[in-house]
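coords-v2.cif (mmCIF, C-alpha atoms)
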data_entry
loop_
_atom_site.label_atom_id
_atom_site.label_comp_id
_atom_site.auth_asym_id
_atom_site.auth_seq_id
_atom_site.Cartn_x
_atom_site.Cartn_y
_atom_site.Cartn_z
CA MET A 1 -269.86 -260.40 37.90
CA VAL A 2 -269.85 -257.80 40.67
CA ASP A 3 -268.36 -260.01 43.38
CA GLY A 4 -267.65 -258.55 46.82
CA THR A 5 -270.12 -255.68 46.56
CA THR A 6 -272.52 -254.80 49.36
CA SER A 7 -274.73 -252.63 47.13
CA CYS A 8 -274.88 -251.13 43.63
CA GLU A 9 -276.35 -247.64 43.79
CA HIS A 10 -276.26 -246.50 40.15
CA LEU A 11 -277.07 -248.35 36.94
CA LEU A 12 -276.36 -245.94 34.06
CA PRO A 13 -277.26 -246.95 30.48
CA VAL A 14 -275.29 -245.82 27.41
CA ASP A 15 -276.80 -245.22 23.97
CA ASP A 16 -274.74 -248.04 22.43
CA GLY A 17 -276.43 -250.60 24.70
CA SER A 18 -273.58 -250.83 27.21
CA VAL A 19 -273.98 -249.89 30.88
CA ARG A 20 -271.94 -248.40 33.70
CA ILE A 21 -272.56 -249.49 37.29
CA LEU A 22 -271.29 -247.92 40.51
CA CYS A 23 -271.09 -250.34 43.45
CA THR A 24 -269.91 -250.23 47.05
CA LEU A 25 -267.46 -252.86 48.29
CA GLU A 26 -266.48 -253.81 51.81
CA ASN A 27 -264.59 -251.18 53.83
CA ARG A 28 -260.88 -250.89 53.26
CA VAL A 29 -258.98 -252.15 56.29
CA GLY A 30 -257.99 -249.33 58.64
CA THR A 31 -259.83 -246.58 56.75
CA GLY A 32 -263.49 -246.81 57.76
CA PHE A 33 -264.45 -246.05 54.14
CA ALA A 34 -265.90 -248.40 51.57
CA VAL A 35 -264.38 -248.86 48.13
CA VAL A 36 -266.48 -247.54 45.24
CA ARG A 37 -265.94 -249.64 42.13
CA ALA A 38 -267.09 -248.62 38.65
CA TYR A 39 -268.02 -251.43 36.26
CA GLY A 40 -268.47 -251.22 32.51
CA PHE A 41 -270.33 -253.90 30.53
CA ASP A 42 -271.04 -254.07 26.81
CA SER A 43 -274.46 -254.79 25.30
CA LYS A 44 -273.91 -258.53 25.76
CA GLY A 45 -272.99 -258.22 29.43
CA ARG A 46 -269.24 -258.67 28.93
CA SER A 47 -266.81 -256.55 30.93
CA LEU A 48 -265.30 -253.71 28.92
CA ALA A 49 -261.52 -253.64 28.51
CA GLY A 50 -259.92 -251.57 31.26
CA TRP A 51 -262.81 -252.08 33.69
CA PRO A 52 -263.66 -252.36 36.61
CA ILE A 53 -262.06 -249.32 38.24
CA ASP A 54 -261.65 -248.62 41.96
CA LEU A 55 -262.05 -244.91 42.62
CA ASP A 56 -259.91 -245.10 45.77
CA ARG A 57 -256.89 -245.64 43.52
CA TYR A 58 -257.46 -242.08 42.38
CA GLY A 59 -257.79 -240.65 45.90
CA ALA A 60 -261.55 -240.99 46.42
CA ASP A 61 -263.31 -242.19 49.57
CA GLY A 62 -266.66 -242.15 47.79
CA TYR A 63 -268.86 -240.16 45.42
CA PHE A 64 -271.85 -237.81 45.57
CA ALA A 65 -273.38 -238.09 42.08
CA ALA A 66 -272.79 -239.64 38.66
CA ARG A 67 -274.00 -239.47 35.07
CA VAL A 68 -273.07 -240.92 31.69
CA ILE A 69 -272.48 -238.27 29.01
CA GLY A 70 -272.00 -239.85 25.61
CA SER A 71 -269.97 -242.92 26.54
CA GLU A 72 -268.07 -241.23 29.37
CA LEU A 73 -268.87 -241.79 33.04
CA THR A 74 -268.75 -238.53 35.00
CA VAL A 75 -268.54 -238.78 38.80
CA LEU A 76 -268.44 -236.20 41.57
CA ALA A 77 -265.91 -237.95 43.82
CA TRP A 78 -265.02 -236.97 47.39
CA LYS A 79 -262.18 -237.37 49.85
CA SER A 80 -262.67 -236.87 53.60
CA LEU A 81 -260.04 -235.02 55.60
CA GLY A 82 -260.89 -237.38 58.48
CA ASN A 83 -258.82 -236.70 61.59
CA GLU A 84 -257.38 -233.64 59.89
CA ILE A 85 -260.69 -231.73 60.24
CA LYS A 86 -260.42 -228.68 62.50
CA GLN A 87 -262.99 -226.21 63.76
CA GLY A 88 -264.21 -224.04 60.88
CA GLN A 89 -262.26 -226.07 58.31
CA PRO A 90 -263.71 -228.04 55.34
CA ALA A 91 -264.81 -231.63 55.89
CA GLY A 92 -263.11 -232.76 52.70
CA ASN A 93 -262.57 -232.18 49.00
CA ALA A 94 -264.75 -232.97 45.99
CA TRP A 95 -263.87 -233.08 42.30
CA ILE A 96 -265.12 -234.23 38.93
CA ALA A 97 -263.61 -237.50 37.74
CA THR A 98 -264.30 -238.91 34.28
CA VAL A 99 -263.89 -242.47 33.02
CA ALA A 100 -263.72 -242.96 29.26
CA ALA A 101 -265.08 -246.06 27.53
CA ASP A 102 -261.56 -247.54 27.46
CA GLY A 103 -261.21 -247.10 31.25
CA THR A 104 -258.99 -244.00 31.12
CA VAL A 105 -259.53 -241.88 34.25
CA ARG A 106 -259.09 -238.10 34.47
CA ALA A 107 -259.37 -236.11 37.70
CA GLY A 108 -260.39 -232.46 37.87
CA SER A 109 -259.51 -229.72 40.33
CA LYS A 110 -260.40 -230.33 43.98
CA VAL A 111 -262.96 -228.12 45.75
CA PRO A 112 -263.41 -228.03 49.56
CA TYR A 113 -266.84 -228.90 50.94
CA GLY A 114 -268.38 -228.27 54.36
CA THR A 115 -269.90 -230.47 57.04
CA ASN A 116 -273.48 -229.70 55.87
CA CYS A 117 -272.79 -231.17 52.43
CA CYS A 118 -273.35 -233.33 50.26
CA THR A 119 -274.95 -236.81 50.29
CA ASN A 120 -277.98 -236.84 47.95
CA ALA A 121 -277.48 -233.10 47.42
CA PHE A 122 -275.82 -233.15 43.98
CA ALA A 123 -276.75 -234.09 40.43
CA VAL A 124 -274.48 -234.09 37.40
CA GLY A 125 -275.91 -232.11 34.50
CA PRO A 126 -275.62 -232.87 30.79
CA ASP A 127 -272.77 -230.32 30.66
CA GLY A 128 -270.66 -232.47 33.01
CA VAL A 129 -270.99 -230.00 35.88
CA ALA A 130 -272.18 -231.20 39.30
CA TYR A 131 -274.85 -228.91 40.74
CA GLY A 132 -275.95 -229.23 44.36
CA THR A 133 -277.64 -227.47 47.24
CA THR A 134 -276.79 -226.70 50.84
CA HIS A 135 -279.26 -225.29 53.35
CA GLN A 136 -279.58 -223.02 56.34
CA PHE A 137 -282.75 -223.74 58.28
CA GLY A 138 -284.42 -220.98 60.28
CA GLN A 139 -284.23 -221.34 64.05
CA SER A 140 -287.95 -220.58 64.49
CA PRO A 141 -291.13 -221.00 62.39
CA SER A 142 -290.98 -217.33 61.40
CA ALA A 143 -287.27 -217.32 60.58
CA ALA A 144 -286.13 -217.44 56.98
CA ASN A 145 -284.86 -220.63 55.37
CA LEU A 146 -282.03 -220.19 52.88
CA SER A 147 -280.25 -222.33 50.31
CA GLU A 148 -277.17 -222.07 48.14
CA LEU A 149 -276.76 -223.63 44.73
CA LEU A 150 -273.22 -224.93 44.19
CA ALA A 151 -271.53 -225.89 40.93
CA ILE A 152 -268.36 -227.95 40.51
CA SER A 153 -266.85 -228.36 37.05
CA PHE A 154 -263.75 -230.21 35.94
CA ALA A 155 -261.85 -226.93 36.43
CA GLY A 156 -263.22 -226.42 39.97
CA VAL A 157 -265.85 -224.00 41.28
CA ARG A 158 -267.98 -222.68 38.43
CA THR A 159 -267.82 -218.92 37.90
CA GLY A 160 -270.89 -217.16 39.31
CA PHE A 161 -271.51 -219.74 42.03
CA PRO A 162 -272.68 -220.26 44.71
CA VAL A 163 -276.10 -218.74 44.04
CA ALA A 164 -278.26 -217.69 47.01
CA ILE A 165 -281.87 -218.97 46.99
CA ALA A 166 -284.69 -218.07 49.39
CA GLY A 167 -286.35 -221.17 50.82
CA ILE A 168 -285.30 -224.80 50.92
CA ALA A 169 -284.23 -225.92 47.45
CA SER A 170 -284.09 -229.42 46.05
CA VAL A 171 -281.27 -230.96 44.10
CA PRO A 172 -281.73 -229.88 40.45
CA ALA A 173 -283.28 -231.80 37.59
CA PHE A 174 -282.47 -230.97 33.95
CA ASP A 175 -284.35 -230.52 30.69
CA ALA A 176 -282.96 -231.24 27.22
CA ALA A 177 -281.47 -227.73 27.02
CA GLY A 178 -279.51 -228.36 30.23
CA ARG A 179 -281.46 -225.81 32.30
CA LEU A 180 -281.72 -226.48 36.02
CA HIS A 181 -285.17 -227.03 37.57
CA LEU A 182 -285.51 -226.94 41.35
CA THR A 183 -288.38 -227.46 43.77
CA ILE A 184 -288.54 -224.83 46.52
CA ASN A 185 -290.42 -225.10 49.82
CA ASP A 186 -290.80 -221.66 51.40
CA GLY A 187 -292.91 -219.64 53.80
CA PRO A 188 -294.45 -220.52 57.19
CA ASP A 189 -296.46 -223.36 55.63
CA GLN A 190 -293.55 -224.48 53.41
CA LEU A 191 -295.63 -224.15 50.25
CA ALA A 192 -294.00 -225.41 47.07
CA ALA A 193 -292.79 -223.48 44.05
CA THR A 194 -290.35 -224.18 41.23
CA LEU A 195 -287.32 -222.28 40.00
CA VAL A 196 -285.51 -222.50 36.66
CA LEU A 197 -281.90 -221.36 36.15
CA ASP A 198 -279.45 -221.51 33.30
CA THR A 199 -276.01 -223.07 33.65
CA ALA A 200 -274.58 -219.68 34.65
CA GLY A 201 -276.87 -219.60 37.68
CA GLN A 202 -279.18 -216.93 36.26
CA MET A 203 -282.93 -217.24 36.72
CA VAL A 204 -284.88 -217.81 33.50
CA GLY A 205 -288.58 -218.18 32.68
CA GLY A 206 -290.48 -221.33 33.52
CA GLY A 207 -290.60 -221.22 37.31
CA SER A 208 -293.93 -221.37 39.10
CA GLY A 209 -295.16 -220.37 42.55
CA GLY A 210 -298.38 -220.88 44.47
CA LEU A 211 -298.68 -224.65 44.10
CA GLY A 212 -300.72 -224.81 47.30
CA PHE A 213 -299.04 -227.76 48.99
CA SER A 214 -295.71 -228.78 50.47
CA ALA A 215 -293.47 -230.78 48.17
CA THR A 216 -292.09 -233.91 49.79
CA ASP A 217 -288.91 -235.91 49.67
CA VAL A 218 -288.75 -239.69 49.31
CA CYS A 219 -288.19 -240.12 53.05
CA VAL A 220 -290.21 -239.52 56.19
CA GLY A 221 -289.07 -239.21 59.78
CA ILE A 222 -285.31 -239.56 59.28
CA GLU A 223 -283.86 -236.71 61.29
CA GLY A 224 -282.38 -233.92 59.17
CA SER A 225 -282.72 -235.62 55.80
CA CYS A 226 -286.40 -235.19 54.91
CA GLU A 227 -286.85 -231.44 55.20
CA VAL A 228 -285.50 -230.92 51.67
CA PRO A 229 -288.02 -231.51 48.85
CA ALA A 230 -287.31 -233.94 46.06
CA ALA A 231 -286.30 -232.61 42.65
CA PRO A 232 -289.20 -232.05 40.25
CA LEU A 233 -289.90 -234.50 37.46
CA VAL A 234 -288.87 -232.68 34.27
CA GLY A 235 -289.50 -233.60 30.65
CA ALA A 236 -287.12 -232.88 27.81
CA ASP A 237 -289.24 -229.87 26.81
CA GLY A 238 -289.27 -228.44 30.34
CA THR A 239 -292.73 -229.70 31.35
CA THR A 240 -292.50 -230.03 35.12
CA PHE A 241 -294.29 -232.03 37.82
CA VAL A 242 -294.00 -231.54 41.58
CA VAL A 243 -295.19 -234.33 43.89
CA GLY A 244 -296.61 -234.23 47.39
CA ALA A 245 -296.49 -237.87 48.51
CA TYR A 246 -298.14 -238.72 51.81
CA PHE A 247 -299.26 -241.83 53.66
CA ARG A 248 -302.96 -241.20 53.02
CA SER A 249 -303.01 -239.05 49.89
CA THR A 250 -301.02 -237.93 46.86
CA ILE A 251 -301.05 -234.67 44.92
CA VAL A 252 -299.14 -233.76 41.76
CA ALA A 253 -298.92 -230.31 40.17
CA GLY A 254 -298.23 -230.15 36.44
CA MET A 255 -296.72 -227.07 34.78
CA SER A 256 -296.05 -226.26 31.14
CA PRO A 257 -292.52 -225.26 30.02
CA SER A 258 -293.56 -221.62 30.61
CA GLY A 259 -294.45 -222.40 34.24
CA GLN A 260 -298.23 -222.20 33.82
CA ALA A 261 -300.54 -224.77 35.42
CA MET A 262 -301.66 -227.25 32.76
CA ALA A 263 -305.30 -228.14 32.18
CA GLY A 264 -306.37 -231.15 34.22
CA TRP A 265 -303.81 -230.58 36.97
CA PRO A 266 -303.22 -230.92 39.86
CA TYR A 267 -303.85 -234.64 40.05
CA ARG A 268 -305.25 -235.68 43.42
CA SER A 269 -305.74 -239.11 44.91
CA ASP A 270 -306.78 -240.40 48.31
CA ALA A 271 -304.37 -243.29 47.77
CA GLY A 272 -301.30 -243.18 49.97
CA HIS A 273 -297.87 -243.32 48.42
CA GLN A 274 -296.02 -246.60 48.84
CA GLY A 275 -293.51 -246.86 51.66
CA ILE A 276 -290.48 -249.06 51.12
CA GLY A 277 -288.43 -251.05 53.56
CA ILE A 278 -289.34 -253.94 55.82
CA CYS A 279 -289.63 -253.29 59.55
CA PRO A 280 -289.49 -256.64 61.40
CA ALA A 281 -292.32 -257.41 63.80
CA GLY A 282 -291.61 -255.90 67.22
CA ALA A 283 -288.80 -253.69 65.94
CA VAL A 284 -288.68 -249.90 66.16
CA CYS A 285 -287.94 -248.36 62.77
CA ASP A 286 -287.09 -244.65 63.01
CA GLY A 287 -287.20 -243.68 59.36
CA TYR A 288 -289.39 -244.43 56.40
CA ASN A 289 -288.82 -244.10 52.67
CA PHE A 290 -291.37 -243.50 49.94
CA ALA A 291 -291.08 -245.27 46.59
CA ALA A 292 -289.92 -242.55 44.22
CA PRO A 293 -292.35 -241.42 41.51
CA THR A 294 -290.92 -241.31 38.02
CA MET A 295 -291.59 -240.03 34.52
CA GLY A 296 -291.62 -241.69 31.11
CA PRO A 297 -291.71 -240.68 27.44
CA GLY A 298 -294.50 -238.32 26.49
CA ASN A 299 -294.42 -236.69 29.94
CA VAL A 300 -296.33 -239.56 31.55
CA VAL A 301 -296.01 -239.59 35.36
CA TYR A 302 -295.89 -242.90 37.24
CA LEU A 303 -296.96 -243.02 40.89
CA LEU A 304 -296.47 -245.99 43.21
CA HIS A 305 -299.41 -246.38 45.58
CA ALA A 306 -299.81 -248.46 48.71
CA ALA A 307 -302.52 -251.11 48.93
CA ALA A 308 -305.97 -249.79 49.81
CA SER A 309 -306.43 -252.50 52.47
CA THR A 310 -304.61 -255.40 54.12
CA SER A 311 -306.34 -257.80 51.72
CA ALA A 312 -305.07 -256.00 48.61
CA GLY A 313 -301.78 -255.39 46.86
CA GLY A 314 -300.01 -252.20 45.86
CA ARG A 315 -300.42 -250.59 42.47
CA ILE A 316 -298.70 -248.40 39.91
CA VAL A 317 -300.61 -245.56 38.28
CA ALA A 318 -299.79 -243.83 34.99
CA ILE A 319 -301.00 -240.23 34.58
CA GLY A 320 -300.96 -238.69 31.13
CA PRO A 321 -300.05 -235.07 30.35
CA ASP A 322 -303.78 -234.22 30.48
CA GLY A 323 -303.88 -235.15 34.18
CA ARG A 324 -305.98 -238.28 33.55
CA LEU A 325 -305.26 -241.96 34.04
CA VAL A 326 -303.69 -243.54 30.95
CA ALA A 327 -305.92 -246.21 29.42
CA GLY A 328 -305.23 -249.64 30.93
CA TRP A 329 -303.82 -248.28 34.18
CA PRO A 330 -303.46 -248.69 37.14
CA VAL A 331 -301.76 -252.06 37.40
CA ARG A 332 -302.58 -253.80 40.69
CA LEU A 333 -300.55 -256.53 42.35
CA LYS A 334 -302.83 -259.45 43.18
CA ARG A 335 -301.23 -260.82 46.33
CA ALA A 336 -302.29 -259.28 49.64
CA GLY A 337 -299.46 -257.32 51.24
CA SER A 338 -297.46 -257.00 48.01
CA GLU A 339 -295.80 -253.66 47.24
CA VAL A 340 -294.30 -251.80 44.27
CA TRP A 341 -290.95 -250.42 45.41
CA SER A 342 -289.55 -248.88 42.25
CA ALA A 343 -290.17 -248.30 38.56
CA VAL A 344 -287.78 -247.44 35.72
CA LEU A 345 -288.96 -246.24 32.31
CA ALA A 346 -287.18 -247.11 29.08
CA ALA A 347 -287.03 -244.87 26.00
CA ASP A 348 -289.67 -247.05 24.30
CA GLY A 349 -292.14 -246.41 27.13
CA ASN A 350 -291.86 -249.85 28.71
CA ALA A 351 -291.86 -249.79 32.51
CA TYR A 352 -289.71 -252.14 34.59
CA VAL A 353 -291.20 -252.51 38.05
CA LEU A 354 -289.81 -254.11 41.21
CA ALA A 355 -292.55 -255.89 43.17
CA ILE A 356 -291.96 -257.15 46.72
CA GLU A 357 -294.30 -259.91 47.91
CA PRO A 358 -294.67 -261.66 51.29
CA GLU A 359 -293.98 -265.38 51.36
CA PRO A 360 -295.33 -268.10 53.71
CA ASN A 361 -291.94 -268.48 55.45
CA ASN A 362 -292.13 -264.84 56.67
CA GLY A 363 -289.66 -263.85 53.98
CA HIS A 364 -290.22 -261.72 50.90
CA SER A 365 -289.71 -262.40 47.22
CA ALA A 366 -288.69 -259.82 44.63
CA THR A 367 -290.01 -259.89 41.08
CA ILE A 368 -289.36 -257.67 38.07
CA LEU A 369 -292.44 -256.93 35.95
CA ALA A 370 -292.02 -255.56 32.45
CA LEU A 371 -295.07 -253.51 31.43
CA ALA A 372 -295.89 -252.08 28.01
CA PRO A 373 -297.14 -248.48 27.73
CA ASP A 374 -300.73 -249.80 27.67
CA SER A 375 -299.98 -251.82 30.89
CA THR A 376 -299.75 -255.20 29.12
CA VAL A 377 -297.47 -257.50 31.13
CA LEU A 378 -294.57 -258.39 28.83
CA TYR A 379 -292.88 -260.73 31.29
CA THR A 380 -292.17 -261.35 34.97
CA THR A 381 -288.90 -262.57 36.44
CA THR A 382 -288.46 -263.48 40.11
CA VAL A 383 -284.97 -262.42 41.19
CA ILE A 384 -285.24 -263.28 44.92
CA ASP A 385 -287.22 -266.32 46.04
CA PRO A 386 -286.56 -267.16 49.71
#
Just give me the structure as structure tokens.
Amino acid sequence: MVDGTTSCEHLLPVDDGSVRILCTLENRVGTGFAVVRAYGFDSKGRSLAGWPIDLDRYGADGYFAARVIGSELTVLAWKSLGNEIKQGQPAGNAWIATVAADGTVRAGSKVPYGTNCCTNAFAVGPDGVAYGTTHQFGQSPSAANLSELLAISFAGVRTGFPVAIAGIASVPAFDAAGRLHLTINDGPDQLAATLVLDTAGQMVGGGSGGLGFSATDVCVGIEGSCEVPAAPLVGADGTTFVVGAYFRSTIVAGMSPSGQAMAGWPYRSDAGHQGIGICPAGAVCDGYNFAAPTMGPGNVVYLLHAAASTSAGGRIVAIGPDGRLVAGWPVRLKRAGSEVWSAVLAADGNAYVLAIEPEPNNGHSATILALAPDSTVLYTTTVIDP
């Protein structure tokens, strides 16, 4: 049980069938910060010995990123300086914390971070290092945009970092070799490119420019948070996909591990990408999120599209490495107004999809659909039924 939590942001599987979950609890009295609790469950759903673990006991107010490496949970934790912050001083400290399968916690060296850092800006690589980006936006359309790539290891700031990057860089994604792949928006029209670096911060082959469109994030209209493109989708072999997701169209560029455009790409559709979130009737909703595209085994890209009309439901599309629809796809939701909000791919190619559907009482139900690689529905389970 995960009693007392307000949300669980990360579900991280382990090869032995166990899982690690990071959840947010109610704010600690007098601090203004929520408690982040790490849970560990075995393959039968039983709590592991030594778990759960509250990160605040080890000095953390929260965390920026997490990953399971082997059976060890690796977290980039942070501590705010709060009222201690002074002009020109860091906003807080960040460090790598690890939690072994038996619940043993180790804390690495603390690194100061600034006020323009770091929520959704970091990802933990397979080497246990947290890599992230900060940005300096030009003050006019003709002014240069700049980024810095940061790296925090257990020992502190990684040698050779930060690395300066022209343009606005995404958080990195990683291939099987641990190389960092970033999406870059640059130039007056913010046209997309990709960049590949090794773990020392040196540029290596595989990057690509001239994609011809602006890469998007998973959010729209939220001040200050949507100008940074989303990380590319990267296969184990370095095959890379960059997505431009819009309300009335979708475009995806596909590049080989060497950075060359692959035959059949880009994929283009006049279907709008699915927005997530429910804005009550009569309310003013300032921001909007897109359902994140994802990638499965065999470098198959999954896109979540909005319904084509008010009488239809949303759909999930599978695009093969040749840029064509996979046989049996798309899968369309039958109920008018229904939406696909997220999809997760398992190692066997099965897709687990969260469908949100309107109900007669003005509420919404939530159902998990399990889909085989050929789109066969394996099962459905309604998890919220108002």
Once the PyMOL selection byres ((chain A and resi 254) around 8) has been evaluated on this model, what residues remain selected, and can you format them as a PDB file with C-alpha atoms, in the coordinates of the input?
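Once written, expr08.pdb looks like this:
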ATOM      1  CA  THR A 239    -292.730-229.700  31.350  1.00  0.00           C
ATOM      2  CA  THR A 240    -292.500-230.030  35.120  1.00  0.00           C
ATOM      3  CA  PHE A 241    -294.290-232.030  37.820  1.00  0.00           C
ATOM      4  CA  VAL A 242    -294.000-231.540  41.580  1.00  0.00           C
ATOM      5  CA  VAL A 252    -299.140-233.760  41.760  1.00  0.00           C
ATOM      6  CA  ALA A 253    -298.920-230.310  40.170  1.00  0.00           C
ATOM      7  CA  MET A 255    -296.720-227.070  34.780  1.00  0.00           C
ATOM      8  CA  SER A 256    -296.050-226.260  31.140  1.00  0.00           C
ATOM      9  CA  ALA A 261    -300.540-224.770  35.420  1.00  0.00           C
ATOM     10  CA  MET A 262    -301.660-227.250  32.760  1.00  0.00           C
ATOM     11  CA  TRP A 265    -303.810-230.580  36.970  1.00  0.00           C
ATOM     12  CA  PRO A 266    -303.220-230.920  39.860  1.00  0.00           C
ATOM     13  CA  GLY A 323    -303.880-235.150  34.180  1.00  0.00           C
TER      14      GLY A 323
END
Q. If the PyMOL selection byres ((chain A and resi 235) around 10) is run on the structure shown, which residues does it catch, given as a list of chain:residue names?
A. A:Ala173, A:Phe174, A:Asp175, A:Ala176, A:Pro232, A:Leu233, A:Val234, A:Ala236, A:Asp237, A:Gly238, A:Thr239, A:Thr240, A:Phe241, A:Ser256, A:Pro257, A:Met295, A:Gly296, A:Pro297, A:Gly298, A:Asn299, A:Val300
Q: Any chance you could resolve the PyMOL selection byres ((chain A and resi 358-365) around 10) against this file and give the residues as an MDAnalysis selection string?
A: chainID A and resid 278 280 335:339 355:357 366:367 382:386
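Atom CA of A:Gly320 is found 27.6 Å from atom CA of A:Val124.
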Q: For each of A:Ile96, A:Leu11, A:Leu354, A:Ala271, take the minimum atom-to-atom distance to A:Ala308, counting all atoms listed in the file, then give the residue where this is smallest.
A: A:Ala271
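Excluding A:Leu333 and any residue on its chain fewer than 5 positions from it, the residues at most 9 Å away by all atoms listed in the file are Ala307, Ala312, Gly313, Gly314, Arg315, Ile316, Ser338, Glu339, Val340 and Ala355 of chain A.
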May I have the residues from that selection written out with C-alpha atoms, as a JSON list (two decimals), in the coordinates of the input?
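Okay, again.json is ready:
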[["chain", "number", "residue", "atom", "x", "y", "z"],
["A", 307, "ALA", "CA", -302.52, -251.11, 48.93],
["A", 312, "ALA", "CA", -305.07, -256.00, 48.61],
["A", 313, "GLY", "CA", -301.78, -255.39, 46.86],
["A", 314, "GLY", "CA", -300.01, -252.20, 45.86],
["A", 315, "ARG", "CA", -300.42, -250.59, 42.47],
["A", 316, "ILE", "CA", -298.70, -248.40, 39.91],
["A", 338, "SER", "CA", -297.46, -257.00, 48.01],
["A", 339, "GLU", "CA", -295.80, -253.66, 47.24],
["A", 340, "VAL", "CA", -294.30, -251.80, 44.27],
["A", 355, "ALA", "CA", -292.55, -255.89, 43.17]]
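Around the coordinate (-272.5, -229.0, 28.1), residues that reach within 12 Å when counting all atoms listed in the file are Ile69, Gly70, Val124, Gly125, Pro126, Asp127, Gly128, Val129, Ala130, Ser153, Phe154, Phe174, Ala176, Ala177, Gly178, Arg179, Asp198, Thr199 and Ala200 of chain A.
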Deliver the residues from the most recent selection as a file, using C-alpha atoms, as a JSON list (two decimals), in the coordinates of the input.
[["chain", "number", "residue", "atom", "x", "y", "z"],
["A", 69, "ILE", "CA", -272.48, -238.27, 29.01],
["A", 70, "GLY", "CA", -272.00, -239.85, 25.61],
["A", 124, "VAL", "CA", -274.48, -234.09, 37.40],
["A", 125, "GLY", "CA", -275.91, -232.11, 34.50],
["A", 126, "PRO", "CA", -275.62, -232.87, 30.79],
["A", 127, "ASP", "CA", -272.77, -230.32, 30.66],
["A", 128, "GLY", "CA", -270.66, -232.47, 33.01],
["A", 129, "VAL", "CA", -270.99, -230.00, 35.88],
["A", 130, "ALA", "CA", -272.18, -231.20, 39.30],
["A", 153, "SER", "CA", -266.85, -228.36, 37.05],
["A", 154, "PHE", "CA", -263.75, -230.21, 35.94],
["A", 174, "PHE", "CA", -282.47, -230.97, 33.95],
["A", 176, "ALA", "CA", -282.96, -231.24, 27.22],
["A", 177, "ALA", "CA", -281.47, -227.73, 27.02],
["A", 178, "GLY", "CA", -279.51, -228.36, 30.23],
["A", 179, "ARG", "CA", -281.46, -225.81, 32.30],
["A", 198, "ASP", "CA", -279.45, -221.51, 33.30],
["A", 199, "THR", "CA", -276.01, -223.07, 33.65],
["A", 200, "ALA", "CA", -274.58, -219.68, 34.65]]
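Candidate residues A:Ala123, A:Thr376, A:Glu227, A:Phe290 were compared for distance to A:His135, and the nearest is A:Glu227, using only C-alpha atoms.
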Fewer than 3 positions away in the same chain doesn't count, so skip those; otherwise give me all residues within 10 Å of A:Ala215, counting only C-alpha atoms, as a PDB file with C-alpha atoms, keeping the file's coordinate frame.
ATOM      1  CA  SER A 170    -284.090-229.420  46.050  1.00  0.00           C
ATOM      2  CA  THR A 183    -288.380-227.460  43.770  1.00  0.00           C
ATOM      3  CA  ILE A 184    -288.540-224.830  46.520  1.00  0.00           C
ATOM      4  CA  ASN A 185    -290.420-225.100  49.820  1.00  0.00           C
ATOM      5  CA  GLN A 190    -293.550-224.480  53.410  1.00  0.00           C
ATOM      6  CA  LEU A 191    -295.630-224.150  50.250  1.00  0.00           C
ATOM      7  CA  ALA A 192    -294.000-225.410  47.070  1.00  0.00           C
ATOM      8  CA  ALA A 193    -292.790-223.480  44.050  1.00  0.00           C
ATOM      9  CA  LEU A 211    -298.680-224.650  44.100  1.00  0.00           C
ATOM     10  CA  GLY A 212    -300.720-224.810  47.300  1.00  0.00           C
ATOM     11  CA  GLU A 227    -286.850-231.440  55.200  1.00  0.00           C
ATOM     12  CA  VAL A 228    -285.500-230.920  51.670  1.00  0.00           C
ATOM     13  CA  PRO A 229    -288.020-231.510  48.850  1.00  0.00           C
ATOM     14  CA  ALA A 230    -287.310-233.940  46.060  1.00  0.00           C
ATOM     15  CA  ALA A 231    -286.300-232.610  42.650  1.00  0.00           C
ATOM     16  CA  PRO A 232    -289.200-232.050  40.250  1.00  0.00           C
ATOM     17  CA  VAL A 242    -294.000-231.540  41.580  1.00  0.00           C
ATOM     18  CA  VAL A 243    -295.190-234.330  43.890  1.00  0.00           C
ATOM     19  CA  GLY A 244    -296.610-234.230  47.390  1.00  0.00           C
ATOM     20  CA  ALA A 245    -296.490-237.870  48.510  1.00  0.00           C
ATOM     21  CA  TYR A 246    -298.140-238.720  51.810  1.00  0.00           C
ATOM     22  CA  ILE A 251    -301.050-234.670  44.920  1.00  0.00           C
ATOM     23  CA  VAL A 252    -299.140-233.760  41.760  1.00  0.00           C
ATOM     24  CA  ALA A 253    -298.920-230.310  40.170  1.00  0.00           C
TER      25      ALA A 253
END
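Closest approach to A:Ala292 among A:Val196, A:Ile319, A:Val344, A:Val326 is made by A:Val344 (distances from all atoms listed in the file).
With only C-alpha atoms as the atoms that count, the residue of A:Asp42, A:Asp374, A:Asp348, A:Glu148 with the shortest distance to A:Pro13 is A:Asp42.
Using all atoms listed in the file, the shortest contact distance between A:Gln274 and any of A:Ser7, A:Ser249, A:Thr159, A:Gln260 is found at A:Ser249.
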Q: Tell me, in Å to one decimal, how far atom CA of A:Gln202 is from atom CA of A:Asn145.
A: 20.3 Å
Q. Which one of A:Asp61, A:Asp217, A:Glu72, A:Asp270 sits closest to A:Val14 if you count all atoms listed in the file?
A. A:Glu72
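Pairwise distance (atom CA of A:Arg248, atom CA of A:Arg332) equals 17.6 Å.
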Q. Which neighbours of A:Ala65 fall inside 6 Å, counting only C-alpha atoms, when residues of the same chain fewer than 5 positions from it are skipped, and could you give them as a PyMOL selection string?
A. chain A and resi 75-76+122-123
Could you give me the axis-aligned bounding box of stretch 165-172 of chain A, with 4 Å of padding per side, as centre plus edge lengths in Å to one decimal, as lines of an AutoDock Vina configuration file?
center_x = -283.8
center_y = -224.5
center_z = 45.7
size_x = 13.1
size_y = 20.9
size_z = 18.5
**Q.** Residues near A:Trp51, cut-off 8 Å, all atoms listed in the file, skip fewer than 2 positions along chain, as a PyMOL selection string
**A.** chain A and resi 38-40+47-49+53+102-103
